[in-house]
file input19.cif (mmCIF, C-alpha atoms and all ligand atoms)
data_start
loop_
_atom_site.label_atom_id
_atom_site.label_comp_id
_atom_site.auth_asym_id
_atom_site.auth_seq_id
_atom_site.Cartn_x
_atom_site.Cartn_y
_atom_site.Cartn_z
CA MET A 50 -19.96 102.73 -78.99
CA PRO A 51 -16.67 104.49 -78.21
CA ALA A 52 -14.13 102.55 -76.16
CA GLU A 53 -14.16 102.87 -72.40
CA ILE A 54 -11.10 104.74 -71.10
CA ILE A 55 -8.64 102.92 -68.86
CA ASP A 56 -7.77 105.81 -66.57
CA GLY A 57 -4.07 105.66 -65.67
CA VAL A 58 -4.35 108.76 -63.49
CA ALA A 59 -6.98 107.18 -61.22
CA ILE A 60 -5.31 103.77 -61.12
CA ALA A 61 -1.88 105.28 -60.36
CA ALA A 62 -3.44 107.36 -57.55
CA LYS A 63 -4.86 104.16 -56.08
CA VAL A 64 -1.46 102.45 -56.22
CA ARG A 65 0.20 105.47 -54.62
CA ALA A 66 -2.39 105.57 -51.83
CA ARG A 67 -1.66 101.90 -51.12
CA VAL A 68 2.07 102.66 -51.10
CA ALA A 69 1.51 105.52 -48.62
CA GLU A 70 -0.44 103.19 -46.31
CA GLU A 71 2.27 100.53 -46.46
CA THR A 72 4.94 103.17 -45.87
CA ALA A 73 3.12 104.39 -42.76
CA GLU A 74 2.96 100.82 -41.48
CA LEU A 75 6.67 100.21 -42.15
CA ARG A 76 7.60 103.49 -40.46
CA LYS A 77 5.80 102.30 -37.33
CA ARG A 78 8.09 99.27 -37.45
CA GLY A 79 11.13 101.56 -37.67
CA VAL A 80 11.82 101.39 -41.41
CA THR A 81 11.29 104.35 -43.73
CA PRO A 82 11.43 103.13 -47.34
CA GLY A 83 14.13 105.05 -49.21
CA LEU A 84 14.73 105.48 -52.93
CA THR A 85 17.90 107.10 -54.27
CA ALA A 86 17.97 108.20 -57.89
CA VAL A 87 21.29 108.92 -59.57
CA LEU A 88 21.43 111.27 -62.51
CA VAL A 89 24.62 111.69 -64.52
CA GLY A 90 24.78 114.75 -66.77
CA ASP A 91 22.28 117.52 -67.31
CA ASP A 92 19.74 116.15 -69.78
CA PRO A 93 16.66 118.31 -69.04
CA ALA A 94 14.08 115.52 -69.61
CA SER A 95 15.95 113.15 -67.27
CA GLY A 96 16.20 115.97 -64.71
CA VAL A 97 12.40 116.38 -64.80
CA TYR A 98 11.85 112.60 -64.36
CA VAL A 99 14.24 112.39 -61.41
CA ALA A 100 12.66 115.44 -59.72
CA SER A 101 9.16 113.97 -60.10
CA LYS A 102 10.34 110.64 -58.62
CA GLU A 103 11.78 112.49 -55.61
CA ARG A 104 8.52 114.44 -55.15
CA ALA A 105 6.39 111.29 -55.44
CA CYS A 106 8.50 109.57 -52.74
CA LYS A 107 8.03 112.46 -50.36
CA GLU A 108 4.26 112.54 -50.99
CA ALA A 109 4.08 108.86 -50.03
CA GLY A 110 6.06 109.46 -46.79
CA MET A 111 9.18 107.78 -48.17
CA ASN A 112 12.73 109.09 -48.28
CA GLY A 113 13.39 110.26 -51.83
CA LYS A 114 16.88 111.45 -52.65
CA SER A 115 18.59 112.44 -55.89
CA ILE A 116 22.31 112.47 -56.50
CA ARG A 117 23.34 114.57 -59.49
CA LEU A 118 26.76 113.99 -61.00
CA PRO A 119 28.50 115.87 -63.83
CA ALA A 120 28.42 114.43 -67.37
CA SER A 121 32.20 113.90 -67.12
CA THR A 122 31.82 111.37 -64.24
CA SER A 123 33.95 108.27 -64.79
CA GLU A 124 32.53 104.75 -64.86
CA GLU A 125 34.66 103.83 -61.84
CA ALA A 126 33.31 106.76 -59.79
CA LEU A 127 29.70 105.79 -60.57
CA LEU A 128 30.35 102.13 -59.72
CA LEU A 129 31.91 103.15 -56.39
CA LEU A 130 28.87 105.31 -55.61
CA ILE A 131 26.63 102.31 -56.33
CA ASP A 132 28.72 100.21 -53.91
CA THR A 133 28.17 102.88 -51.24
CA LEU A 134 24.40 102.88 -51.86
CA ASN A 135 24.32 99.06 -51.89
CA ASN A 136 25.85 99.13 -48.38
CA ASP A 137 23.62 101.91 -47.01
CA PRO A 138 20.80 100.38 -44.94
CA THR A 139 18.62 103.51 -45.31
CA VAL A 140 18.56 103.03 -49.12
CA HIS A 141 16.12 100.32 -50.23
CA GLY A 142 15.85 101.19 -53.90
CA ILE A 143 18.52 102.46 -56.31
CA LEU A 144 17.71 103.89 -59.67
CA VAL A 145 20.29 105.10 -62.15
CA GLN A 146 18.63 107.27 -64.77
CA MET A 147 19.38 106.13 -68.33
CA PRO A 148 20.77 107.01 -70.81
CA LEU A 149 24.26 107.43 -69.38
CA PRO A 150 27.15 109.36 -70.95
CA LYS A 151 29.21 107.41 -73.51
CA GLN A 152 32.17 106.66 -71.20
CA ILE A 153 29.93 104.61 -68.86
CA SER A 154 28.71 101.10 -69.66
CA GLU A 155 24.99 100.86 -68.82
CA GLN A 156 25.26 97.09 -68.49
CA LYS A 157 28.09 97.35 -65.95
CA VAL A 158 26.07 99.85 -63.93
CA ILE A 159 22.91 97.71 -64.00
CA ARG A 160 24.90 94.63 -62.91
CA ARG A 161 26.56 96.49 -60.02
CA ILE A 162 23.26 97.42 -58.30
CA ALA A 163 22.38 94.87 -55.61
CA PRO A 164 19.47 92.80 -57.04
CA THR A 165 17.57 93.36 -53.77
CA LYS A 166 17.73 97.14 -54.38
CA ASP A 167 17.18 96.98 -58.16
CA VAL A 168 13.69 98.50 -58.10
CA ASP A 169 13.86 99.16 -61.86
CA GLY A 170 14.03 95.39 -62.39
CA PHE A 171 16.81 95.58 -64.99
CA HIS A 172 19.46 93.40 -63.26
CA PRO A 173 19.83 90.01 -65.05
CA PHE A 174 19.04 88.31 -61.72
CA ASN A 175 15.62 89.99 -61.61
CA VAL A 176 15.10 89.46 -65.34
CA GLY A 177 15.67 85.75 -64.72
CA LYS A 178 13.23 85.72 -61.82
CA LEU A 179 10.65 87.49 -63.95
CA PHE A 180 10.91 84.89 -66.71
CA THR A 181 10.86 81.94 -64.34
CA GLY A 182 7.82 83.34 -62.54
CA ASP A 183 9.63 83.84 -59.22
CA ALA A 184 7.51 86.54 -57.59
CA ASP A 185 10.14 87.74 -55.13
CA GLY A 186 12.14 89.62 -57.78
CA PHE A 187 11.36 93.07 -59.18
CA ALA A 188 9.55 93.55 -62.50
CA PRO A 189 10.32 96.64 -64.61
CA CYS A 190 7.93 99.43 -63.65
CA THR A 191 6.27 100.24 -66.98
CA PRO A 192 5.12 96.72 -67.93
CA ALA A 193 4.25 95.99 -64.29
CA GLY A 194 2.10 99.12 -64.42
CA VAL A 195 0.34 97.89 -67.56
CA GLN A 196 -0.49 94.63 -65.82
CA VAL A 197 -1.97 96.53 -62.86
CA MET A 198 -4.01 98.66 -65.28
CA LEU A 199 -5.45 95.52 -66.88
CA GLU A 200 -6.31 94.14 -63.44
CA GLU A 201 -7.87 97.35 -62.17
CA ALA A 202 -9.90 97.72 -65.38
CA GLY A 203 -11.24 94.21 -64.83
CA VAL A 204 -9.79 92.85 -68.08
CA GLU A 205 -9.86 89.05 -68.18
CA THR A 206 -6.44 87.95 -69.43
CA ALA A 207 -6.57 84.14 -69.12
CA GLY A 208 -6.46 82.44 -72.50
CA LYS A 209 -6.45 85.76 -74.37
CA ASP A 210 -4.22 86.54 -77.34
CA ALA A 211 -1.94 89.37 -76.25
CA VAL A 212 0.09 91.03 -78.98
CA ILE A 213 2.91 93.35 -77.94
CA ILE A 214 4.49 95.66 -80.50
CA GLY A 215 8.07 96.39 -79.41
CA ARG A 216 10.81 94.15 -78.01
CA SER A 217 12.82 96.48 -75.77
CA ASN A 218 14.30 95.24 -72.51
CA ILE A 219 12.39 97.87 -70.53
CA VAL A 220 8.91 97.37 -72.01
CA GLY A 221 8.23 94.76 -74.72
CA LYS A 222 10.18 91.74 -73.42
CA PRO A 223 9.27 92.08 -69.72
CA MET A 224 5.65 92.74 -70.73
CA ALA A 225 5.64 89.40 -72.51
CA ALA A 226 7.29 87.72 -69.50
CA LEU A 227 4.55 89.02 -67.20
CA LEU A 228 1.60 88.05 -69.39
CA ILE A 229 2.90 84.60 -70.28
CA GLN A 230 3.13 83.36 -66.66
CA SER A 231 0.55 81.04 -65.23
CA GLY A 232 -1.31 82.96 -62.55
CA LYS A 233 -3.46 85.98 -61.89
CA ASN A 234 -3.63 88.72 -64.53
CA ALA A 235 -1.60 86.61 -66.93
CA ASN A 236 -2.08 83.25 -68.71
CA CYS A 237 -2.10 84.97 -72.10
CA THR A 238 -0.91 83.54 -75.38
CA VAL A 239 1.74 86.14 -76.17
CA THR A 240 3.14 87.37 -79.49
CA ILE A 241 5.91 89.95 -79.65
CA CYS A 242 6.13 91.96 -82.87
CA HIS A 243 9.05 94.21 -83.77
CA SER A 244 10.60 96.22 -86.58
CA ARG A 245 11.38 93.06 -88.59
CA THR A 246 7.96 91.44 -88.21
CA LYS A 247 6.73 90.46 -91.70
CA ASP A 248 2.99 91.00 -91.51
CA LEU A 249 2.26 93.22 -88.52
CA LEU A 250 -1.40 93.62 -89.41
CA ALA A 251 -2.04 89.88 -89.39
CA HIS A 252 -0.83 89.77 -85.78
CA THR A 253 -2.44 92.93 -84.43
CA ARG A 254 -5.82 92.12 -85.98
CA ARG A 255 -6.19 88.96 -83.97
CA ALA A 256 -5.13 90.51 -80.65
CA ASP A 257 -7.62 90.47 -77.79
CA ILE A 258 -5.14 92.65 -75.90
CA LEU A 259 -2.89 94.90 -77.99
CA ILE A 260 0.01 96.68 -76.31
CA ALA A 261 1.94 99.28 -78.31
CA ALA A 262 5.50 100.17 -77.19
CA ILE A 263 7.07 101.39 -80.39
CA GLY A 264 8.00 105.05 -80.08
CA LYS A 265 6.27 106.03 -83.37
CA PRO A 266 3.50 108.62 -83.08
CA GLU A 267 0.00 107.22 -83.77
CA MET A 268 1.35 104.25 -85.74
CA VAL A 269 -1.42 101.87 -84.65
CA THR A 270 -4.45 102.84 -86.70
CA GLY A 271 -8.07 101.70 -86.49
CA ASP A 272 -7.75 99.09 -89.27
CA MET A 273 -5.02 97.30 -87.28
CA VAL A 274 -7.30 96.55 -84.34
CA LYS A 275 -9.83 93.77 -83.84
CA PRO A 276 -13.26 95.12 -82.88
CA GLY A 277 -13.69 94.90 -79.11
CA ALA A 278 -9.97 94.55 -78.34
CA VAL A 279 -8.37 96.11 -75.27
CA VAL A 280 -5.63 98.52 -76.38
CA ILE A 281 -2.85 99.78 -74.12
CA ASP A 282 -0.68 102.59 -75.43
CA VAL A 283 2.78 102.78 -73.85
CA GLY A 284 4.20 105.31 -76.35
CA ILE A 285 5.14 108.84 -75.38
CA ASN A 286 5.97 110.95 -78.43
CA ARG A 287 6.36 114.68 -78.89
CA VAL A 288 4.87 116.01 -82.12
CA ASP A 289 5.04 119.58 -83.39
CA ASP A 290 1.81 121.49 -82.99
CA PRO A 291 2.01 125.23 -83.64
CA ALA A 292 -1.50 125.62 -82.13
CA ALA A 293 -0.39 124.16 -78.78
CA PRO A 294 0.90 126.57 -76.09
CA LYS A 295 4.34 124.91 -76.03
CA GLY A 296 4.49 124.36 -79.81
CA TYR A 297 4.19 120.60 -79.39
CA ARG A 298 1.87 118.02 -77.91
CA ILE A 299 2.31 114.52 -76.53
CA VAL A 300 0.76 111.60 -78.39
CA GLY A 301 1.01 107.84 -77.99
CA ASP A 302 1.84 105.08 -80.46
CA VAL A 303 -1.87 104.55 -81.02
CA HIS A 304 -4.10 106.73 -83.18
CA PHE A 305 -6.53 107.40 -80.34
CA GLU A 306 -9.34 108.90 -82.41
CA GLN A 307 -9.50 105.96 -84.83
CA VAL A 308 -8.76 103.14 -82.39
CA SER A 309 -11.18 104.33 -79.71
CA LYS A 310 -13.98 103.70 -82.27
CA VAL A 311 -12.95 100.04 -82.67
CA ALA A 312 -11.58 98.93 -79.29
CA SER A 313 -13.69 98.11 -76.24
CA ARG A 314 -11.20 99.70 -73.86
CA ILE A 315 -8.22 101.96 -74.43
CA SER A 316 -5.60 103.76 -72.35
CA PRO A 317 -5.06 107.37 -73.41
CA VAL A 318 -1.84 109.37 -73.76
CA PRO A 319 -1.34 111.41 -71.70
CA GLY A 320 -3.21 110.07 -68.67
CA GLY A 321 -2.47 106.39 -69.24
CA VAL A 322 0.58 104.20 -68.74
CA GLY A 323 2.91 107.16 -68.10
CA ARG A 324 1.33 107.73 -64.70
CA MET A 325 1.81 104.11 -63.70
CA THR A 326 5.58 103.95 -64.07
CA ILE A 327 6.44 106.13 -61.05
CA ALA A 328 3.63 104.55 -59.00
CA MET A 329 5.13 101.10 -59.62
CA LEU A 330 8.61 102.37 -58.79
CA LEU A 331 7.30 103.44 -55.37
CA ALA A 332 5.53 100.11 -54.96
CA ASN A 333 8.76 98.22 -55.75
CA THR A 334 10.70 100.38 -53.26
CA VAL A 335 8.22 99.73 -50.46
CA ARG A 336 8.44 96.02 -51.19
CA ALA A 337 12.26 96.20 -51.13
CA ALA A 338 12.04 97.89 -47.71
CA ARG A 339 9.60 95.26 -46.43
CA LEU A 340 11.90 92.46 -47.61
CA THR A 341 14.68 93.81 -45.35
CA LEU A 342 12.43 93.05 -42.36
CA GLU A 343 11.80 89.53 -43.55
CA HIS A 344 15.40 88.45 -44.09
P1 LIG A 401 12.63 101.19 -78.09
O1 LIG A 401 13.00 102.19 -79.14
O2 LIG A 401 13.70 100.60 -77.24
O3 LIG A 401 11.84 100.01 -78.78
C1 LIG A 401 10.90 100.22 -79.77
C2 LIG A 401 10.49 98.91 -80.34
O4 LIG A 401 9.56 99.13 -81.38
C3 LIG A 401 11.65 98.11 -80.93
O5 LIG A 401 11.70 96.86 -80.31
C4 LIG A 401 11.32 97.98 -82.42
O6 LIG A 401 11.62 96.68 -82.92
C5 LIG A 401 9.82 98.24 -82.45
N1 LIG A 401 9.43 98.87 -83.71
C6 LIG A 401 9.92 100.00 -84.26
N2 LIG A 401 9.31 100.25 -85.44
C7 LIG A 401 8.43 99.26 -85.64
C8 LIG A 401 7.52 98.93 -86.67
N3 LIG A 401 7.38 99.72 -87.74
N4 LIG A 401 6.76 97.83 -86.53
C9 LIG A 401 6.86 97.03 -85.45
N5 LIG A 401 7.72 97.29 -84.44
C10 LIG A 401 8.49 98.38 -84.53
O7 LIG A 401 11.50 101.90 -77.21
P2 LIG A 401 10.98 101.63 -75.73
O8 LIG A 401 12.00 102.12 -74.77
O9 LIG A 401 10.44 100.24 -75.59
O10 LIG A 401 9.75 102.65 -75.72
C11 LIG A 401 8.65 102.53 -76.60
C12 LIG A 401 7.73 103.70 -76.40
O11 LIG A 401 7.26 103.69 -75.06
C13 LIG A 401 8.39 105.07 -76.57
O12 LIG A 401 7.45 105.97 -77.09
C14 LIG A 401 8.74 105.48 -75.15
O13 LIG A 401 8.79 106.88 -74.98
C15 LIG A 401 7.58 104.90 -74.41
N6 LIG A 401 7.86 104.58 -73.01
C16 LIG A 401 6.93 104.99 -72.13
C17 LIG A 401 7.09 104.71 -70.79
C18 LIG A 401 6.05 105.16 -69.84
O14 LIG A 401 6.32 105.35 -68.67
N7 LIG A 401 4.81 105.29 -70.30
C19 LIG A 401 8.21 104.01 -70.34
C20 LIG A 401 9.13 103.55 -71.29
C21 LIG A 401 8.93 103.85 -72.63
#

call {"tool": "encode", "arguments": {"input": "input19.cif", "output": "structure tokens", "more": "lines below"}}
Ligand code: NAD
result
Amino acid sequence: MPAEIIDGVAIAAKVRARVAEETAELRKRGVTPGLTAVLVGDDPASGVYVASKERACKEAGMNGKSIRLPASTSEEALLLLIDTLNNDPTVHGILVQMPLPKQISEQKVIRRIAPTKDVDGFHPFNVGKLFTGDADGFAPCTPAGVQVMLEEAGVETAGKDAVIIGRSNIVGKPMAALLIQSGKNANCTVTICHSRTKDLLAHTRRADILIAAIGKPEMVTGDMVKPGAVVIDVGINRVDDPAAPKGYRIVGDVHFEQVSKVASRISPVPGGVGRMTIAMLLANTVRAARLTLEH
């Protein structure tokens, strides 16, 4: 039997509807959640991401603003802008689109954002909270979205072997931190594999939950997956396809055709994790706004 699809489009829509409801409630209490995205330079892909974040905010009734700065912007100028946003009570979430031009240290920028407005969850303060299981921090949006997908799909995680391929700070490591906690939608035994893992197959083949965040088109093939496993594909890769209208198509890190014959459930690309990232960004921003009422 082919694997059941874990529909990221439907789950993200549900999250966004919840965010819109919470936004309406906060607005009645005099607070309109606000997210400001900062984009330095004119990378077209980053421009598209930032524009879609702004649109998604507006759809949810939130204030979504983008600040676009030239690629020549100095580190000092960006840090001063972050200080201004940190002090602006109408801004609840700050997002600086990465990558940044060479003259700007990404780490300095991440550390300058007030942890209470760090809705990307990259500040070391929030990373620490994530690892210690302190729920009042912010988790990075992509892995948080994967966890919501598992929950919404009714996947039992407790006691399961979760294998994550990829150890980046934005996906692999925080994914492990989320699944390893004791609590709801977690309690997994977690393995992180990476480019220096000796016998990848031995790990992936015993995974009850396999999460691929590698950035290599269709690398996870059917023989790497345990029959009945739940497979989540985080990868977004462009591959040439002369038959496609744009000359390329988007594929994940998982070979969907092969793996969907072995797995019990699978998230597709597109239509999977990608949709969750912005939804979770909105959810984090609404929570940041709510926290200002509680302190
Ligand atoms: P990254 O390049 O920072 O990390 C990739 C990881 O894969 C590394 O840790 C590396 O050790 C590991 N890796 C590489 N080759 C390997 C191999 N042969 N065997 C085992 N491990 C290997 O990438 P990232 O930022 O974590 O992103 C991963 C993928 O997820 C990319 O395709 C990216 O586009 C996608 N992504 C999607 C979203 C989303 O919203 N859906 C968000 C972030 C990233």

call {"tool": "residues_near_ligand", "arguments": {"input": "input19.cif", "ligand": "ligand LIG 401 (chain A)", "cutoff": "7 Å", "atoms": "all atoms listed in the file", "output": "list in words"}}
result
Thr191, Ile214, Gly215, Arg216, Ser217, Ile219, Val220, Gly221, Cys242, His243, Ser244, Arg245, Thr246, Leu249, Ala262, Ile263, Gly264, Lys265, Val283, Gly284, Ile285, Asn286, Gly301, Asp302, Val322, Gly323, Arg324, Met325 and Thr326 of chain A

call {"tool": "residues_around", "arguments": {"input": "input19.cif", "residues": "region 165-176 of chain A", "least_positions_apart": "4", "cutoff": "8 Å", "atoms": "all atoms listed in the file", "output": "number ranges by chain"}}
result
A: 135, 140-144, 159-160, 180, 186-190, 218-219, 223, 330, 333-334, 337

call {"tool": "write_last_selection", "arguments": {"input": "input19.cif", "atoms": "C-alpha atoms", "output": "compact mmCIF listing (two decimals), keeping the file's coordinate frame"}}
result
# COMPACT_ATOMS: atom_id res chain seq x y z
CA ASN A 135 24.32 99.06 -51.89
CA VAL A 140 18.56 103.03 -49.12
CA HIS A 141 16.12 100.32 -50.23
CA GLY A 142 15.85 101.19 -53.90
CA ILE A 143 18.52 102.46 -56.31
CA LEU A 144 17.71 103.89 -59.67
CA ILE A 159 22.91 97.71 -64.00
CA ARG A 160 24.90 94.63 -62.91
CA PHE A 180 10.91 84.89 -66.71
CA GLY A 186 12.14 89.62 -57.78
CA PHE A 187 11.36 93.07 -59.18
CA ALA A 188 9.55 93.55 -62.50
CA PRO A 189 10.32 96.64 -64.61
CA CYS A 190 7.93 99.43 -63.65
CA ASN A 218 14.30 95.24 -72.51
CA ILE A 219 12.39 97.87 -70.53
CA PRO A 223 9.27 92.08 -69.72
CA LEU A 330 8.61 102.37 -58.79
CA ASN A 333 8.76 98.22 -55.75
CA THR A 334 10.70 100.38 -53.26
CA ALA A 337 12.26 96.20 -51.13

call {"tool": "closest_residue", "arguments": {"input": "input19.cif", "among": "A:Ile229, A:Ala292, A:Val308, A:Ile60", "to": "Leu259 (chain A)", "atoms": "all atoms listed in the file"}}
result
A:Val308

call {"tool": "atom_distance", "arguments": {"input": "input19.cif", "atom1": "CA of Ser115 (chain A)", "atom2": "CA of Ala86 (chain A)"}}
result
4.7 Å

call {"tool": "atom_distance", "arguments": {"input": "input19.cif", "atom1": "CA of Pro291 (chain A)", "atom2": "CA of Asp92 (chain A)"}}
result
24.3 Å

call {"tool": "residues_near_point", "arguments": {"input": "input19.cif", "point": "(-2.8, 106.2, -56.2)", "cutoff": "12 Å", "atoms": "only C-alpha atoms", "output": "NGL selection string"}}
result
:A and (56-70 or 105 or 108-109 or 194 or 197-198 or 201 or 324-329 or 331-332)

call {"tool": "write_last_selection", "arguments": {"input": "input19.cif", "atoms": "C-alpha atoms", "output": "PDB file, in the coordinates of the input"}}
result
ATOM      1  CA  ASP A  56      -7.770 105.810 -66.570  1.00  0.00           C
ATOM      2  CA  GLY A  57      -4.070 105.660 -65.670  1.00  0.00           C
ATOM      3  CA  VAL A  58      -4.350 108.760 -63.490  1.00  0.00           C
ATOM      4  CA  ALA A  59      -6.980 107.180 -61.220  1.00  0.00           C
ATOM      5  CA  ILE A  60      -5.310 103.770 -61.120  1.00  0.00           C
ATOM      6  CA  ALA A  61      -1.880 105.280 -60.360  1.00  0.00           C
ATOM      7  CA  ALA A  62      -3.440 107.360 -57.550  1.00  0.00           C
ATOM      8  CA  LYS A  63      -4.860 104.160 -56.080  1.00  0.00           C
ATOM      9  CA  VAL A  64      -1.460 102.450 -56.220  1.00  0.00           C
ATOM     10  CA  ARG A  65       0.200 105.470 -54.620  1.00  0.00           C
ATOM     11  CA  ALA A  66      -2.390 105.570 -51.830  1.00  0.00           C
ATOM     12  CA  ARG A  67      -1.660 101.900 -51.120  1.00  0.00           C
ATOM     13  CA  VAL A  68       2.070 102.660 -51.100  1.00  0.00           C
ATOM     14  CA  ALA A  69       1.510 105.520 -48.620  1.00  0.00           C
ATOM     15  CA  GLU A  70      -0.440 103.190 -46.310  1.00  0.00           C
ATOM     16  CA  ALA A 105       6.390 111.290 -55.440  1.00  0.00           C
ATOM     17  CA  GLU A 108       4.260 112.540 -50.990  1.00  0.00           C
ATOM     18  CA  ALA A 109       4.080 108.860 -50.030  1.00  0.00           C
ATOM     19  CA  GLY A 194       2.100  99.120 -64.420  1.00  0.00           C
ATOM     20  CA  VAL A 197      -1.970  96.530 -62.860  1.00  0.00           C
ATOM     21  CA  MET A 198      -4.010  98.660 -65.280  1.00  0.00           C
ATOM     22  CA  GLU A 201      -7.870  97.350 -62.170  1.00  0.00           C
ATOM     23  CA  ARG A 324       1.330 107.730 -64.700  1.00  0.00           C
ATOM     24  CA  MET A 325       1.810 104.110 -63.700  1.00  0.00           C
ATOM     25  CA  THR A 326       5.580 103.950 -64.070  1.00  0.00           C
ATOM     26  CA  ILE A 327       6.440 106.130 -61.050  1.00  0.00           C
ATOM     27  CA  ALA A 328       3.630 104.550 -59.000  1.00  0.00           C
ATOM     28  CA  MET A 329       5.130 101.100 -59.620  1.00  0.00           C
ATOM     29  CA  LEU A 331       7.300 103.440 -55.370  1.00  0.00           C
ATOM     30  CA  ALA A 332       5.530 100.110 -54.960  1.00  0.00           C
TER      31      ALA A 332
END

call {"tool": "atom_distance", "arguments": {"input": "input19.cif", "atom1": "CA of Lys209 (chain A)", "atom2": "CA of Pro319 (chain A)"}}
result
26.3 Å

call {"tool": "residues_near_point", "arguments": {"input": "input19.cif", "point": "(-11.8, 103.7, -85.8)", "cutoff": "7 Å", "atoms": "only C-alpha atoms", "output": "compact mmCIF listing (two decimals) with C-alpha atoms, keeping the file's coordinate frame"}}
result
# COMPACT_ATOMS: atom_id res chain seq x y z
CA GLY A 271 -8.07 101.70 -86.49
CA GLU A 306 -9.34 108.90 -82.41
CA GLN A 307 -9.50 105.96 -84.83
CA VAL A 308 -8.76 103.14 -82.39
CA SER A 309 -11.18 104.33 -79.71
CA LYS A 310 -13.98 103.70 -82.27
CA VAL A 311 -12.95 100.04 -82.67

call {"tool": "closest_residue", "arguments": {"input": "input19.cif", "among": "A:Thr133, A:Gln146, A:Asn236, A:Thr81", "to": "Gly110 (chain A)", "atoms": "all atoms listed in the file"}}
result
A:Thr81

call {"tool": "closest_residue", "arguments": {"input": "input19.cif", "among": "A:Ala100, A:Ile54, A:Ala225, A:Leu134", "to": "Pro317 (chain A)", "atoms": "all atoms listed in the file"}}
result
A:Ile54

call {"tool": "closest_residue", "arguments": {"input": "input19.cif", "among": "A:Lys157, A:Val145, A:Asp248, A:Thr341", "to": "Arg78 (chain A)", "atoms": "all atoms listed in the file"}}
result
A:Thr341

call {"tool": "residues_around", "arguments": {"input": "input19.cif", "residues": "Ile153 (chain A)", "least_positions_apart": "2", "cutoff": "12 Å", "atoms": "only C-alpha atoms", "output": "list in words"}}
result
Val89, Gly90, Ala120, Ser121, Thr122, Ser123, Glu124, Glu125, Ala126, Leu127, Leu128, Val145, Met147, Pro148, Leu149, Pro150, Lys151, Glu155, Gln156, Lys157, Val158 and Ile159 of chain A

call {"tool": "closest_residue", "arguments": {"input": "input19.cif", "among": "A:Asp185, A:Glu53, A:Glu205, A:Asp282", "to": "Ala312 (chain A)", "atoms": "all atoms listed in the file"}}
result
A:Glu53

call {"tool": "closest_residue", "arguments": {"input": "input19.cif", "among": "A:Gly177, A:Gly182, A:Pro138, A:Pro51", "to": "Leu342 (chain A)", "atoms": "only C-alpha atoms"}}
result
A:Pro138

call {"tool": "residues_around", "arguments": {"input": "input19.cif", "residues": "Ser313 (chain A)", "least_positions_apart": "2", "cutoff": "7 Å", "atoms": "all atoms listed in the file", "output": "PyMOL selection string"}}
result
chain A and resi 52-53+277-279+311+315
